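Undergrad: Quick one: structure below, then a few questions.
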Amino acid sequence: MQVQGSVQEVSSSDGCLNDSLEDEILAFLIDGEAQLHTYDDLTKVNPVTPTTVLRCLQARYSVKVFYTHAGCTLVALNPFRPVPELYSLDVMKEYHNAAQLKPHIFIVAEEAYRNVQGQLGPVNQSLVVSGESGAGKTWTSRCLMKYYATVAAPSSVVESHDTVERIERRVLDSNPIMEAFGMTVGLLSF
Ligand SMILES: Nc1ncnc2c1ncn2[C@@H]1O[C@H](COP(=O)(O)OP(=O)(O)OP(=O)(O)O)[C@@H](O)[C@H]1O
């Protein structure tokens, strides 16, 4: 996925406002250039503009960080290459057992899983995976399915593997139906 942004893109009908916003953007981008990749939540970016947000994502991408929070939403960048160390069984277990970890699709997965297993009774959950064609929606849906099959059925490796395959296939089989209705959104509900 290409992430591009430039300060020249900022425009406003109010000249003064425009100037001061441009100054703020420049200060953020130039003075804080070395820190751009450290913004793990885009709501902390200030000023929040397409330019600043895209530059942060670009900076994170360049240091091989592909997930960033945006409040309760997670932004996933397609690495366009295998990154097996991000999706291993150990990483799944880590996210299943720990509370505060780096942004990852498994954080979203775990939060929904915990809500379903809520102490006061299960709460139905939906995960919406959206993005342009090729953004990685199918990949992300697979990751979610693998995660749930792994954390929910860990007792037998064989059984767990079968479950993963079966659930994964069901979700992927539903894609043509969604696409027939022109939906570019993957929706997982449970
Ligand atoms: N996190 C990732 N790590 C490695 N490869 C990825 C990742 N996300 C996506 N890809 C790869 O990028 C390509 C496109 O991803 P995918 O098919 O999931 O996109 P999509 O959004 O479902 O596209 P479409 O809407 O056209 O069906 C695939 O080859 C996929 O393996």
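In the structure tokens, the first chain shown is A, the next is B, and so on; residue numbers restart at 1 for each chain, and ligands run from 1 in the order shown.
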Hey, which residues sit close to ligand 1? Say within 8 Å, counting only C-alpha atoms and all ligand atoms, and write them as a VMD selection string.
TA: chain A and resid 66 76 to 84 130 to 141 184 to 185
Undergrad: Using DSSP secondary structure from the backbone, list all alpha helix (DSSP H) positions within segment 22-97 of chain A, as a ChimeraX atom specification.
TA: /A:22-26,50-62,89-97
Undergrad: Which value, in Å to one decimal, gives the distance between atom CA of Glu165 of chain A and atom CA of Met92 of chain A?
TA: 16.7 Å
Undergrad: Could you pull the residues within 9 Å of Leu36 of chain A, counting only C-alpha atoms, minus those fewer than 6 positions along the same chain, as a PDB file with N, CA and C atoms, in the first residue's frame?
TA:
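That gives us part-v7.pdb:
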```
ATOM      1  N   PHE A  28       5.343  20.026  13.102  1.00  0.00           N
ATOM      2  CA  PHE A  28       5.123  18.616  13.459  1.00  0.00           C
ATOM      3  C   PHE A  28       5.982  17.698  12.602  1.00  0.00           C
ATOM      4  N   LEU A  29       5.994  17.986  11.295  1.00  0.00           N
ATOM      5  CA  LEU A  29       6.694  17.086  10.370  1.00  0.00           C
ATOM      6  C   LEU A  29       8.201  17.251  10.409  1.00  0.00           C
ATOM      7  N   VAL A  45      -1.830  12.395  17.101  1.00  0.00           N
ATOM      8  CA  VAL A  45      -1.164  13.263  16.117  1.00  0.00           C
ATOM      9  C   VAL A  45      -1.778  14.654  16.194  1.00  0.00           C
ATOM     10  N   THR A  52      -0.324  14.911   7.980  1.00  0.00           N
ATOM     11  CA  THR A  52       0.400  14.447   9.171  1.00  0.00           C
ATOM     12  C   THR A  52       0.116  12.968   9.448  1.00  0.00           C
ATOM     13  N   ARG A  55       1.915  10.854   6.871  1.00  0.00           N
ATOM     14  CA  ARG A  55       3.371  10.837   7.110  1.00  0.00           C
ATOM     15  C   ARG A  55       3.732   9.918   8.267  1.00  0.00           C
ATOM     16  N   CYS A  56       2.895   9.924   9.301  1.00  0.00           N
ATOM     17  CA  CYS A  56       3.159   9.017  10.435  1.00  0.00           C
ATOM     18  C   CYS A  56       3.061   7.567   9.977  1.00  0.00           C
ATOM     19  N   LEU A  57       2.017   7.267   9.211  1.00  0.00           N
ATOM     20  CA  LEU A  57       1.861   5.887   8.725  1.00  0.00           C
ATOM     21  C   LEU A  57       3.029   5.504   7.831  1.00  0.00           C
ATOM     22  N   GLN A  58       3.449   6.457   7.005  1.00  0.00           N
ATOM     23  CA  GLN A  58       4.576   6.203   6.104  1.00  0.00           C
ATOM     24  C   GLN A  58       5.852   5.928   6.912  1.00  0.00           C
ATOM     25  N   ALA A  59       6.054   6.730   7.964  1.00  0.00           N
ATOM     26  CA  ALA A  59       7.251   6.563   8.797  1.00  0.00           C
ATOM     27  C   ALA A  59       7.212   5.196   9.489  1.00  0.00           C
ATOM     28  N   ARG A  60       6.035   4.790   9.953  1.00  0.00           N
ATOM     29  CA  ARG A  60       5.911   3.484  10.610  1.00  0.00           C
ATOM     30  C   ARG A  60       6.143   2.360   9.605  1.00  0.00           C
TER      31      ARG A  60
END
```
Undergrad: For a quick check of understanding, using only C-alpha atoms, which of A:His69, A:Arg166, A:Lys93, A:Lys146 has the smallest distance to Leu42 of chain A?
TA: A:His69
Undergrad: Between atom CA of Asn97 of chain A and atom CA of Arg114 of chain A, what is the distance in Å, rounded to a tenth?
TA: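 These two atoms are separated by 11.1 Å.
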Undergrad: Any idea what the distance is between atom CA of Gln117 of chain A and atom CA of Cys72 of chain A?
TA: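 One can read the atom CA of Gln117 of chain A to atom CA of Cys72 of chain A distance as 19.4 Å.
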Undergrad: Please determine, counting only C-alpha atoms, which residue among A:Thr38, A:Tyr61, A:Leu89, A:Thr51 has the shortest atom-to-atom distance to Cys143 of chain A.
TA: A:Leu89
Undergrad: Run DSSP on the backbone and tell me which residues of segment 8-155 of chain A come out as strand (DSSP E); list them as JSON, numbers by chain.
TA: {"A": [67, 68, 69, 70, 73, 74, 75, 76, 126, 127, 128, 129, 130]}
